[in-house]
Structures are given as C-alpha cells and as structure tokens.
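Chemist: As input, take start01.pdb (PDB, C-alpha atoms (C1' of nucleotides)):
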```
MODEL        1
ATOM      1  CA  MET F   1      11.450-170.937  54.009
ATOM      2  CA  ALA F   2      11.253-167.647  55.825
ATOM      3  CA  VAL F   3       8.644-167.840  58.559
ATOM      4  CA  ASP F   4       8.282-164.270  59.782
ATOM      5  CA  GLN F   5       5.792-161.881  58.238
ATOM      6  CA  LEU F   6       8.400-159.375  57.084
ATOM      7  CA  SER F   7      10.328-162.016  55.163
ATOM      8  CA  ARG F   8       7.108-163.193  53.541
ATOM      9  CA  ALA F   9       6.301-159.628  52.502
ATOM     10  CA  PHE F  10       9.728-159.030  50.938
ATOM     11  CA  VAL F  11       9.614-162.420  49.236
ATOM     12  CA  ALA F  12       6.195-161.522  47.857
ATOM     13  CA  LEU F  13       7.333-158.223  46.364
ATOM     14  CA  ALA F  14      10.516-159.765  44.994
ATOM     15  CA  ASP F  15       8.588-161.125  42.012
ATOM     16  CA  PRO F  16       7.791-158.678  39.162
ATOM     17  CA  THR F  17       4.419-160.287  38.468
ATOM     18  CA  ARG F  18       3.414-159.962  42.098
ATOM     19  CA  ARG F  19       4.580-156.344  42.224
ATOM     20  CA  ASP F  20       2.468-155.698  39.155
ATOM     21  CA  ILE F  21      -0.535-157.334  40.819
ATOM     22  CA  VAL F  22      -0.014-154.996  43.770
ATOM     23  CA  ALA F  23       0.109-152.048  41.361
ATOM     24  CA  ARG F  24      -3.159-153.108  39.743
ATOM     25  CA  LEU F  25      -4.876-153.743  43.055
ATOM     26  CA  SER F  26      -3.861-150.305  44.250
ATOM     27  CA  VAL F  27      -6.091-148.918  41.483
ATOM     28  CA  ARG F  28      -9.062-151.224  41.980
ATOM     29  CA  ASP F  29      -9.988-154.559  43.470
ATOM     30  CA  ALA F  30      -9.950-157.461  41.019
ATOM     31  CA  THR F  31     -10.766-161.149  40.760
ATOM     32  CA  VAL F  32      -8.272-163.876  39.958
ATOM     33  CA  GLY F  33      -9.593-164.219  36.426
ATOM     34  CA  GLU F  34      -9.420-160.493  35.739
ATOM     35  CA  LEU F  35      -5.817-160.402  36.887
ATOM     36  CA  ALA F  36      -4.911-163.537  34.939
ATOM     37  CA  GLU F  37      -5.976-161.881  31.669
ATOM     38  CA  SER F  38      -3.103-159.430  32.083
ATOM     39  CA  TYR F  39      -0.347-162.002  32.136
ATOM     40  CA  ALA F  40       1.026-164.678  29.863
ATOM     41  CA  MET F  41       0.411-167.481  32.334
ATOM     42  CA  SER F  42      -2.358-169.749  33.524
ATOM     43  CA  MET F  43      -4.943-168.701  36.091
ATOM     44  CA  GLN F  44      -3.566-171.329  38.455
ATOM     45  CA  ALA F  45      -0.206-169.578  38.390
ATOM     46  CA  VAL F  46      -1.839-166.228  39.182
ATOM     47  CA  SER F  47      -3.797-167.926  41.948
ATOM     48  CA  LYS F  48      -0.502-169.123  43.421
ATOM     49  CA  HIS F  49       0.932-165.608  43.280
ATOM     50  CA  LEU F  50      -2.147-164.285  45.058
ATOM     51  CA  LYS F  51      -1.769-166.941  47.720
ATOM     52  CA  VAL F  52       1.782-165.742  48.351
ATOM     53  CA  LEU F  53       0.584-162.141  48.590
ATOM     54  CA  GLU F  54      -2.277-163.158  50.883
ATOM     55  CA  GLU F  55      -0.062-165.163  53.257
ATOM     56  CA  ALA F  56       2.285-162.197  53.360
ATOM     57  CA  GLY F  57      -0.622-160.061  54.569
ATOM     58  CA  LEU F  58      -0.392-157.793  51.530
ATOM     59  CA  VAL F  59      -3.709-158.867  50.033
ATOM     60  CA  SER F  60      -7.035-159.965  51.493
ATOM     61  CA  ARG F  61      -9.945-161.638  49.754
ATOM     62  CA  SER F  62     -13.706-161.642  50.158
ATOM     63  CA  ARG F  63     -16.401-163.789  48.617
ATOM     64  CA  ASP F  64     -18.886-162.915  45.872
ATOM     65  CA  ALA F  65     -20.494-166.149  44.611
ATOM     66  CA  GLN F  66     -17.654-168.070  42.934
ATOM     67  CA  ARG F  67     -15.543-164.921  42.664
ATOM     68  CA  ARG F  68     -12.778-164.130  45.118
ATOM     69  CA  PRO F  69     -12.195-160.367  44.819
ATOM     70  CA  CYS F  70      -8.730-159.304  45.988
ATOM     71  CA  HIS F  71      -8.036-156.156  47.985
ATOM     72  CA  LEU F  72      -4.673-154.556  48.662
ATOM     73  CA  GLU F  73      -3.799-154.182  52.354
ATOM     74  CA  PRO F  74      -1.835-150.978  52.992
ATOM     75  CA  ARG F  75      -0.930-152.034  56.544
ATOM     76  CA  MET F  76       1.809-154.483  55.543
ATOM     77  CA  LEU F  77       3.225-152.019  53.027
ATOM     78  CA  ASP F  78       3.439-149.603  55.923
ATOM     79  CA  LEU F  79       5.367-152.119  58.025
ATOM     80  CA  MET F  80       7.848-152.612  55.195
ATOM     81  CA  THR F  81       8.549-148.913  54.768
ATOM     82  CA  THR F  82       8.903-148.584  58.528
ATOM     83  CA  TRP F  83      11.573-151.285  58.548
ATOM     84  CA  ILE F  84      13.464-149.862  55.583
ATOM     85  CA  GLU F  85      13.280-146.251  56.727
ATOM     86  CA  ARG F  86      14.700-147.156  60.110
ATOM     87  CA  TYR F  87      17.984-148.351  58.661
ATOM     88  CA  ARG F  88      18.096-145.891  55.804
ATOM     89  CA  GLN F  89      17.836-143.015  58.225
ATOM     90  CA  GLN F  90      20.452-144.556  60.489
ATOM     91  CA  ALA F  91      22.833-144.958  57.555
ATOM     92  CA  GLU F  92      22.314-141.382  56.458
ATOM     93  CA  GLU F  93      22.779-140.186  60.021
ATOM     94  CA  ARG F  94      26.118-141.986  59.994
ATOM     95  CA  PHE F  95      27.084-140.269  56.780
ATOM     96  CA  ARG F  96      26.244-136.934  58.297
ATOM     97  CA  ARG F  97      28.481-137.660  61.295
ATOM     98  CA  LEU F  98      31.262-138.825  58.994
ATOM     99  CA  ASP F  99      31.051-135.530  57.182
ATOM    100  CA  ALA F 100      31.295-133.770  60.532
ATOM    101  CA  VAL F 101      34.393-135.774  61.455
ATOM    102  CA  LEU F 102      36.017-134.995  58.133
ATOM    103  CA  ALA F 103      35.287-131.330  58.629
ATOM    104  CA  THR F 104      36.834-131.520  62.115
ATOM    105  CA  MET F 105      39.962-133.213  60.788
ATOM    106  CA  ASP F 106      40.564-130.204  58.621
ATOM    107  CA  ASP F 107      40.737-128.029  61.750
ATOM    108  CA  GLU F 108      42.395-130.239  64.412
ATOM    109  CA  PRO F 109      44.307-133.240  63.021
ATOM    110  CA  GLY F 110      43.735-135.510  66.080
ATOM    111  CA  ASP F 111      42.465-139.102  66.460
ATOM    112  CA  THR F 112      38.941-140.034  65.324
ATOM    113  CA  PRO F 113      36.618-140.217  68.358
ATOM    114  CA  GLU F 114      35.080-143.687  67.644
ATOM    115  CA  HIS F 115      31.656-143.220  69.253
ATOM    116  CA  PRO F 116      30.625-146.385  71.184
ATOM    117  CA  ASP F 117      27.531-147.366  69.190
ATOM    118  CA  HIS F 118      26.090-150.695  70.253
ATOM    119  CA  PRO F 119      24.191-152.943  67.800
ATOM    120  CA  GLU F 120      20.954-152.706  69.811
ATOM    121  CA  GLN F 121      18.373-153.558  67.160
ATOM    122  CA  SER F 122      15.958-156.446  67.362
ATOM    123  CA  ASP F 123      15.160-158.591  64.285
ATOM    124  CA  ARG F 124      18.385-160.494  64.873
ATOM    125  CA  PRO F 125      18.577-164.211  64.126
ATOM    126  CA  GLU F 126      21.885-164.140  66.087
ATOM    127  CA  GLN F 127      23.574-167.527  66.245
ATOM    128  CA  SER F 128      20.389-169.416  65.425
ATOM    129  CA  GLY F 129      21.014-171.147  62.119
ATOM    130  CA  GLN F 130      17.954-170.454  59.983
ATOM    131  CA  SER F 131      18.106-172.801  57.004
TER     132      SER F 131
ATOM    133  CA  MET E   1      15.835-164.969  38.226
ATOM    134  CA  ALA E   2      14.571-161.435  38.391
ATOM    135  CA  VAL E   3      16.811-159.113  36.416
ATOM    136  CA  ASP E   4      15.687-155.619  37.390
ATOM    137  CA  GLN E   5      17.260-153.745  40.280
ATOM    138  CA  LEU E   6      14.058-153.488  42.301
ATOM    139  CA  SER E   7      13.500-157.248  42.195
ATOM    140  CA  ARG E   8      17.084-157.803  43.259
ATOM    141  CA  ALA E   9      16.622-155.423  46.185
ATOM    142  CA  PHE E  10      13.435-157.118  47.405
ATOM    143  CA  VAL E  11      14.995-160.554  46.953
ATOM    144  CA  ALA E  12      17.981-159.368  48.976
ATOM    145  CA  LEU E  13      15.876-158.149  51.906
ATOM    146  CA  ALA E  14      13.670-161.242  51.810
ATOM    147  CA  ASP E  15      16.316-163.194  53.743
ATOM    148  CA  PRO E  16      16.482-162.645  57.542
ATOM    149  CA  THR E  17      20.266-162.992  57.604
ATOM    150  CA  ARG E  18      20.651-160.353  54.902
ATOM    151  CA  ARG E  19      18.226-158.029  56.686
ATOM    152  CA  ASP E  20      20.299-158.467  59.809
ATOM    153  CA  ILE E  21      23.453-157.649  57.872
ATOM    154  CA  VAL E  22      21.763-154.463  56.684
ATOM    155  CA  ALA E  23      20.842-153.659  60.295
ATOM    156  CA  ARG E  24      24.436-154.127  61.414
ATOM    157  CA  LEU E  25      25.866-152.125  58.539
ATOM    158  CA  SER E  26      23.515-149.276  59.356
ATOM    159  CA  VAL E  27      25.395-148.953  62.663
ATOM    160  CA  ARG E  28      28.924-149.289  61.330
ATOM    161  CA  ASP E  29      30.839-150.618  58.353
ATOM    162  CA  ALA E  30      32.154-154.156  58.741
ATOM    163  CA  THR E  31      34.318-156.732  56.997
ATOM    164  CA  VAL E  32      33.099-160.135  55.853
ATOM    165  CA  GLY E  33      34.863-161.868  58.731
ATOM    166  CA  GLU E  34      33.411-159.531  61.342
ATOM    167  CA  LEU E  35      29.924-160.163  60.029
ATOM    168  CA  ALA E  36      30.486-163.907  59.799
ATOM    169  CA  GLU E  37      31.254-164.095  63.535
ATOM    170  CA  SER E  38      27.652-163.103  64.222
ATOM    171  CA  TYR E  39      26.053-166.011  62.424
ATOM    172  CA  ALA E  40      26.057-169.768  62.668
ATOM    173  CA  MET E  41      27.351-170.256  59.147
ATOM    174  CA  SER E  42      30.594-170.241  57.212
ATOM    175  CA  MET E  43      32.291-167.088  55.961
ATOM    176  CA  GLN E  44      31.700-168.218  52.394
ATOM    177  CA  ALA E  45      27.970-168.226  53.044
ATOM    178  CA  VAL E  46      28.134-164.697  54.450
ATOM    179  CA  SER E  47      30.238-163.710  51.458
ATOM    180  CA  LYS E  48      27.479-164.999  49.204
ATOM    181  CA  HIS E  49      24.881-162.982  51.086
ATOM    182  CA  LEU E  50      27.005-159.874  50.723
ATOM    183  CA  LYS E  51      27.326-160.508  47.019
ATOM    184  CA  VAL E  52      23.539-160.592  46.744
ATOM    185  CA  LEU E  53      23.285-157.322  48.679
ATOM    186  CA  GLU E  54      26.022-155.761  46.574
ATOM    187  CA  GLU E  55      24.469-156.751  43.245
ATOM    188  CA  ALA E  56      21.180-155.346  44.522
ATOM    189  CA  GLY E  57      22.930-152.020  45.055
ATOM    190  CA  LEU E  58      22.229-152.100  48.783
ATOM    191  CA  VAL E  59      25.861-152.497  49.817
ATOM    192  CA  SER E  60      29.170-151.288  48.407
ATOM    193  CA  ARG E  61      32.683-152.413  49.256
ATOM    194  CA  SER E  62      36.079-150.784  49.371
ATOM    195  CA  ARG E  63      39.564-152.193  49.804
ATOM    196  CA  ASP E  64      41.824-152.133  52.870
ATOM    197  CA  ALA E  65      44.687-154.612  52.281
ATOM    198  CA  GLN E  66      43.010-158.061  52.258
ATOM    199  CA  ARG E  67      39.880-156.684  53.943
ATOM    200  CA  ARG E  68      36.757-155.773  52.019
ATOM    201  CA  PRO E  69      34.863-153.366  54.285
ATOM    202  CA  CYS E  70      31.135-153.203  53.502
ATOM    203  CA  HIS E  71      29.083-150.014  53.528
ATOM    204  CA  LEU E  72      25.310-149.689  53.451
ATOM    205  CA  GLU E  73      23.942-147.692  50.517
ATOM    206  CA  PRO E  74      20.871-145.675  51.523
ATOM    207  CA  ARG E  75      20.029-144.828  47.914
ATOM    208  CA  MET E  76      18.525-148.214  47.046
ATOM    209  CA  LEU E  77      16.598-148.304  50.325
ATOM    210  CA  ASP E  78      15.178-144.981  49.246
ATOM    211  CA  LEU E  79      14.080-146.409  45.895
ATOM    212  CA  MET E  80      12.314-149.267  47.670
ATOM    213  CA  THR E  81      10.339-147.003  49.978
ATOM    214  CA  THR E  82       9.453-144.813  47.020
ATOM    215  CA  TRP E  83       7.987-147.809  45.202
ATOM    216  CA  ILE E  84       6.072-149.093  48.207
ATOM    217  CA  GLU E  85       4.776-145.705  49.274
ATOM    218  CA  ARG E  86       3.388-145.028  45.827
ATOM    219  CA  TYR E  87       0.986-147.938  45.976
ATOM    220  CA  ARG E  88       0.295-147.735  49.692
ATOM    221  CA  GLN E  89      -0.816-144.134  49.324
ATOM    222  CA  GLN E  90      -2.901-144.997  46.289
ATOM    223  CA  ALA E  91      -4.612-147.822  48.198
ATOM    224  CA  GLU E  92      -5.328-145.572  51.153
ATOM    225  CA  GLU E  93      -6.620-142.866  48.820
ATOM    226  CA  ARG E  94      -9.007-145.474  47.444
ATOM    227  CA  PHE E  95     -10.175-146.337  50.950
ATOM    228  CA  ARG E  96     -10.819-142.683  51.650
ATOM    229  CA  ARG E  97     -12.958-142.408  48.508
ATOM    230  CA  LEU E  98     -14.814-145.585  49.438
ATOM    231  CA  ASP E  99     -15.633-144.052  52.787
ATOM    232  CA  ALA E 100     -16.919-140.988  50.972
ATOM    233  CA  VAL E 101     -19.127-143.140  48.749
ATOM    234  CA  LEU E 102     -20.492-145.000  51.748
ATOM    235  CA  ALA E 103     -21.246-141.709  53.455
ATOM    236  CA  THR E 104     -23.035-140.515  50.302
ATOM    237  CA  MET E 105     -25.117-143.697  50.120
ATOM    238  CA  ASP E 106     -26.494-142.871  53.540
ATOM    239  CA  ASP E 107     -27.854-139.594  52.146
ATOM    240  CA  GLU E 108     -28.941-140.459  48.601
ATOM    241  CA  PRO E 109     -29.460-144.197  47.993
ATOM    242  CA  GLY E 110     -28.554-144.102  44.257
ATOM    243  CA  ASP E 111     -26.118-146.145  42.127
ATOM    244  CA  THR E 112     -22.376-146.078  42.870
ATOM    245  CA  PRO E 113     -20.627-143.645  40.506
ATOM    246  CA  GLU E 114     -17.776-146.000  39.303
ATOM    247  CA  HIS E 115     -15.058-143.409  38.661
ATOM    248  CA  PRO E 116     -13.194-144.218  35.406
ATOM    249  CA  ASP E 117      -9.709-144.899  36.777
ATOM    250  CA  HIS E 118      -7.285-146.252  34.219
ATOM    251  CA  PRO E 119      -4.377-148.570  35.159
ATOM    252  CA  GLU E 120      -1.737-146.059  34.090
ATOM    253  CA  GLN E 121       1.326-147.258  36.009
ATOM    254  CA  SER E 122       4.589-148.362  34.489
ATOM    255  CA  ASP E 123       6.591-151.304  35.940
ATOM    256  CA  ARG E 124       4.354-153.649  33.981
ATOM    257  CA  PRO E 125       5.727-156.895  32.594
ATOM    258  CA  GLU E 126       2.435-157.046  30.641
ATOM    259  CA  GLN E 127       2.176-160.145  28.486
ATOM    260  CA  SER E 128       5.898-160.871  28.613
ATOM    261  CA  GLY E 129       6.287-164.196  30.335
ATOM    262  CA  GLN E 130       9.168-163.870  32.823
ATOM    263  CA  SER E 131      10.242-167.346  33.959
TER     264      SER E 131
ATOM    265  C1'  DG B   1     -30.331-182.004  37.322
ATOM    266  C1'  DT B   2     -27.181-180.445  33.994
ATOM    267  C1'  DT B   3     -24.244-177.075  32.273
ATOM    268  C1'  DG B   4     -20.971-173.332  32.620
ATOM    269  C1'  DT B   5     -17.991-170.267  35.295
ATOM    270  C1'  DT B   6     -14.618-169.349  38.703
ATOM    271  C1'  DC B   7     -11.212-170.810  41.326
ATOM    272  C1'  DT B   8      -8.254-174.093  44.284
ATOM    273  C1'  DC B   9      -5.686-178.334  45.068
ATOM    274  C1'  DA B  10      -2.312-181.939  43.743
ATOM    275  C1'  DA B  11       1.359-183.731  41.164
ATOM    276  C1'  DC B  12       5.059-182.806  38.367
ATOM    277  C1'  DC B  13       9.298-180.440  36.549
ATOM    278  C1'  DA B  14      13.311-177.300  35.568
ATOM    279  C1'  DA B  15      15.701-173.692  37.697
ATOM    280  C1'  DA B  16      17.211-171.017  41.547
ATOM    281  C1'  DC B  17      18.356-170.598  46.546
ATOM    282  C1'  DG B  18      21.050-171.263  50.658
ATOM    283  C1'  DG B  19      24.016-173.809  52.737
ATOM    284  C1'  DT B  20      28.434-176.892  52.584
ATOM    285  C1'  DT B  21      33.546-178.144  51.497
ATOM    286  C1'  DG B  22      37.870-177.552  48.979
ATOM    287  C1'  DC B  23      40.971-174.736  46.733
ATOM    288  C1'  DG B  24      43.508-170.686  45.626
ATOM    289  C1'  DA B  25      44.305-165.634  45.087
ATOM    290  C1'  DA B  26      45.832-161.324  47.254
ATOM    291  C1'  DA B  27      48.117-158.941  50.562
ATOM    292  C1'  DG B  28      50.926-157.985  55.030
ATOM    293  C1'  DG B  29      54.239-159.600  58.564
ATOM    294  C1'  DG B  30      57.830-162.728  60.444
TER     295       DG B  30
ATOM    296  C1'  DC L   1      60.832-166.218  51.112
ATOM    297  C1'  DC L   2      57.432-168.444  53.695
ATOM    298  C1'  DC L   3      53.288-168.150  56.589
ATOM    299  C1'  DT L   4      49.046-166.339  58.014
ATOM    300  C1'  DT L   5      44.902-163.768  57.340
ATOM    301  C1'  DT L   6      41.124-162.473  54.602
ATOM    302  C1'  DC L   7      38.264-163.504  51.148
ATOM    303  C1'  DG L   8      36.160-165.199  46.589
ATOM    304  C1'  DC L   9      35.313-169.004  43.249
ATOM    305  C1'  DA L  10      33.704-173.635  41.937
ATOM    306  C1'  DA L  11      31.383-177.771  42.682
ATOM    307  C1'  DC L  12      28.007-180.100  45.096
ATOM    308  C1'  DC L  13      23.523-181.029  47.515
ATOM    309  C1'  DG L  14      18.803-180.745  49.559
ATOM    310  C1'  DT L  15      14.881-177.585  49.477
ATOM    311  C1'  DT L  16      12.073-174.010  47.509
ATOM    312  C1'  DT L  17      10.176-171.396  43.686
ATOM    313  C1'  DG L  18       7.445-170.608  39.661
ATOM    314  C1'  DG L  19       5.529-172.455  36.077
ATOM    315  C1'  DT L  20       2.688-176.474  33.884
ATOM    316  C1'  DT L  21      -1.439-179.862  33.458
ATOM    317  C1'  DG L  22      -5.412-182.396  35.237
ATOM    318  C1'  DA L  23      -9.094-183.023  38.420
ATOM    319  C1'  DG L  24     -12.634-181.250  41.101
ATOM    320  C1'  DA L  25     -15.124-178.082  44.465
ATOM    321  C1'  DA L  26     -18.448-174.298  44.807
ATOM    322  C1'  DC L  27     -21.789-171.681  42.992
ATOM    323  C1'  DA L  28     -25.235-169.536  39.419
ATOM    324  C1'  DA L  29     -28.219-170.159  35.717
ATOM    325  C1'  DC L  30     -30.918-172.641  32.718
TER     326       DC L  30
ENDMDL
END
```
Translate the structure described by the file into structure tokens.
Modeler:
Amino acid sequence: MAVDQLSRAFVALADPTRRDIVARLSVRDATVGELAESYAMSMQAVSKHLKVLEEAGLVSRSRDAQRRPCHLEPRMLDLMTTWIERYRQQAEERFRRLDAVLATMDDEPGDTPEHPDHPEQSDRPEQSGQS
Amino acid sequence: MAVDQLSRAFVALADPTRRDIVARLSVRDATVGELAESYAMSMQAVSKHLKVLEEAGLVSRSRDAQRRPCHLEPRMLDLMTTWIERYRQQAEERFRRLDAVLATMDDEPGDTPEHPDHPEQSDRPEQSGQS
DNA sequence: GTTGTTCTCAACCAAACGGTTGCGAAAGGG
DNA sequence: CCCTTTCGCAACCGTTTGGTTGAGAACAAC
C-alpha cells in the first residue's frame, strides 16, 4: 500500500463514509459509537474507518474511561490543500501564458518560444517501482 | 467503487504515481509514451493511471494523429481544495472557540455553555450502505 | 465479583486495485 | 500497400479494501 503520509490522507478521504466522518468531526468531537449510529454498518467497520483516518494523521483520539473520543486534525487537511494548490496554481499559470502566446500570435505570426521549464518538483517516485 | 466525482478525485490522487503524473502535467502537457518513460512500468499501466485521472475529471485529452496529449484540469483540483478547506476552517473555528471557553473558565468557573450546533452539512451518505 | 458498555483485534470473504502480457485499432511515412 | 508508432482493450494474477462475525480487553457501576 501507499506508505507516505500524503497518500494515506488521500486514500482516507477517498471513501464517502470517511469524508462524512470528517464532516461530522468538524462540527464536534464524537465517540466511535456515536458515529456508528449514523451509518448502516457495524461499529467494528466504523472503528476500521477511524483507524484509517487516524493513521493518515487526519484524526486523533483521547481517552475517557472506555470511550475513545475522536478529534479532527486540521494540520493534515492543510498539507493536502498545500499540495493541491501548488499544482493547480502552476496549471493555471500555464493557461495564462498560453493565452499570452495566443494573443502574441495574432500580432506577429512567428514560432512559439518554448520556454525551458524543467520538471523540478520533489514527490517523484522516479524509476522506483512502487507496487 | 465510489461513484461520485469527489471520491474519484481523491482515489486518483491517492496513488503516488498518479500524483507524480499530475505534477508533471502541471509543468507541460505530455503524451502517454512520454509519461511512461519516467516510470518503471509498462505503457499500459500508465494508460490505466491516466484513465483513472481522466474519469476523475483531473485530466483531459486531445488528439494529435496517434498521440493523445494529456492536459491537467485545474477545475477539479479547485473542487477538492474547496471541500477540504470547508472542514479545515470549521475545525479551526472550533479550536478558536474552545480557546475562548478555556479563557472564560479561568475567569468564571461555571459550566461549559454547550453551543447547540447542528450537523447541517450535505455530502452525507446517511443510512445508505455504500459497499 | 458480576454485569454491562465501549471498543479493538482476528479471521474470513467478495470486490476492487495495480501491475502484467497479448492483441489489435488508428494513424502517418516509406 | 506495408510497416512502424502510439495507444487502448481484455484477460489474468497477487494484494488490498471494506464489509462481516465472533471473541475478548478495558473500564464503570452495581
């Protein structure tokens, strides 16, 4: 499976039930049993979902007797938006430059400049086969 | 599997190879073959990954003879950040109020007010069991 | 101590995922 | 008209996911 934290976070939010749990926890903390009442599945299944969210760093848990109240952790959500926004903004920047090139072609019908952008991001698995 | 667009998008970005493809496409458009050179897997596998990204609405493709150049679609990335930010901000808002309550408890050691917040989000699968 | 509540762990199962190989379609170039 | 390039589809296979049930740990209350 995916080992890095970001993959775990995206995997976690890929499930509708888990996204709904996040939505509920954003309103108030809740125990496993409270959350399980909301869904048509066993408490064990909800417990599994919470484990996925916890290992992704999206949820933390404290103790209160037998209860395990769950809290939403905004930090990981922040990391996800940071990742997404980086590439979204880069893509939109590219669109803006494309528009500029198209506007230029109207004036001077020459060759497109082909700016030498290098793929200098991190996060690359490169040639490493990740099964 | 998950049917809604948001689930598809999160599933798509849950894979490191697909996130890397997104990173590369944010720099420049690319064909399947070009992308496949970067990874230790067959072109068919990369083609599958691109299909996942395309069906998630994260990537679109045009035609150029036999080539199928891939373009990154910022729109779906925008939808993802919108979803995440909604709940991140709500969670942080809750933290801010908790801090306020703690500060109040220093002054007047009474009972915690328990503000009547209702879980009024959408996106709920509710009791519908989604396998 | 016994009972009840809350929750996790373990085993199981069908379905989906992520890779492979083989084949063929679509299009351009000799 | 072939031949090559580019790419998708289908079948297959091992692993993972998302649910189930059953057993039991941890703790409170009686």
Chemist: Could you pull the residues within 12 Å of DC12 (chain L), counting all atoms listed in the file, minus those fewer than 3 positions along the same chain, as a ChimeraX atom specification?
Modeler: /B:19-22
Chemist: Can you tell me how far CA of His49 (chain E) sits from CA of Glu54 (chain F), in Å to one decimal?
Modeler: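 Computing the Euclidean distance for CA of His49 (chain E) and CA of Glu54 (chain F) yields 27.2 Å.
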Chemist: Taking all atoms listed in the file into account, produce a table as a Markdown table in which each residue of chain E with an atom at most 7 Å from an atom of chain B appears once, together with its shortest atom pair and the distance in Å to one decimal, ordered by chain and rising number.
Modeler:
```
| residue | atom | partner | partner_atom | distance |
| --- | --- | --- | --- | --- |
| E:Ala45 | CA | B:DG19 | C1' | 6.8 |
| E:Ala65 | CA | B:DA27 | C1' | 5.8 |
| E:Gln66 | CA | B:DA27 | C1' | 5.5 |
```
Chemist: Counting only C-alpha atoms, figure out which residue out of F:Ala12, F:Lys51, F:Val46, F:Tyr39 gets nearest to chain E.
Modeler: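 That would be F:Tyr39, the residue with the smallest distance to chain E.
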Chemist: Check which residues of chain F sit at most 12 Å from chain L using all atoms listed in the file, and return one row each with the closest pair of atoms and their distance in Å to one decimal, ordered by chain and rising number, as a Markdown table.
Modeler:
```
| residue | atom | partner | partner_atom | distance |
| --- | --- | --- | --- | --- |
| F:Met1 | CA | L:DT16 | C1' | 7.2 |
| F:Ala2 | CA | L:DT16 | C1' | 10.5 |
| F:Val11 | CA | L:DT17 | C1' | 10.6 |
| F:Ala12 | CA | L:DT17 | C1' | 11.4 |
| F:Ala14 | CA | L:DT17 | C1' | 11.7 |
| F:Asp15 | CA | L:DG18 | C1' | 9.8 |
| F:Pro16 | CA | L:DG18 | C1' | 11.9 |
| F:Thr17 | CA | L:DG18 | C1' | 10.8 |
| F:Arg18 | CA | L:DG18 | C1' | 11.6 |
| F:Ala40 | CA | L:DG19 | C1' | 10.9 |
| F:Met41 | CA | L:DG19 | C1' | 8.1 |
| F:Ser42 | CA | L:DT20 | C1' | 8.4 |
| F:Met43 | CA | L:DT20 | C1' | 11.1 |
| F:Gln44 | CA | L:DT20 | C1' | 9.3 |
| F:Ala45 | CA | L:DG19 | C1' | 6.8 |
| F:Val46 | CA | L:DG19 | C1' | 10.1 |
| F:Ser47 | CA | L:DG18 | C1' | 11.8 |
| F:Lys48 | CA | L:DG18 | C1' | 8.9 |
| F:His49 | CA | L:DG18 | C1' | 9.0 |
| F:Val52 | CA | L:DT17 | C1' | 11.1 |
| F:Arg63 | CA | L:DC27 | C1' | 11.1 |
| F:Asp64 | CA | L:DC27 | C1' | 9.7 |
| F:Ala65 | CA | L:DC27 | C1' | 5.9 |
| F:Gln66 | CA | L:DC27 | C1' | 5.5 |
| F:Arg67 | CA | L:DC27 | C1' | 9.2 |
| F:Arg68 | CA | L:DA26 | C1' | 11.6 |
| F:Ser131 | CA | L:DT15 | C1' | 9.5 |
```
Chemist: Measure the distance from CA of Ala30 (chain F) to CA of Leu6 (chain E) in Å and round it to one decimal.
Modeler: 24.4 Å
Chemist: Between E:Gln89, E:Ser7, E:Thr31, E:Thr104, which one has atoms that come closest to chain F, using all atoms listed in the file?
Modeler: E:Ser7
Chemist: Report as a ChimeraX atom specification the full result of the PyMOL selection byres ((chain F and resi 92) around 12) when it is applied to this structure.
Modeler: /F:85-91,93-99 /E:25-28,71-75,77-78
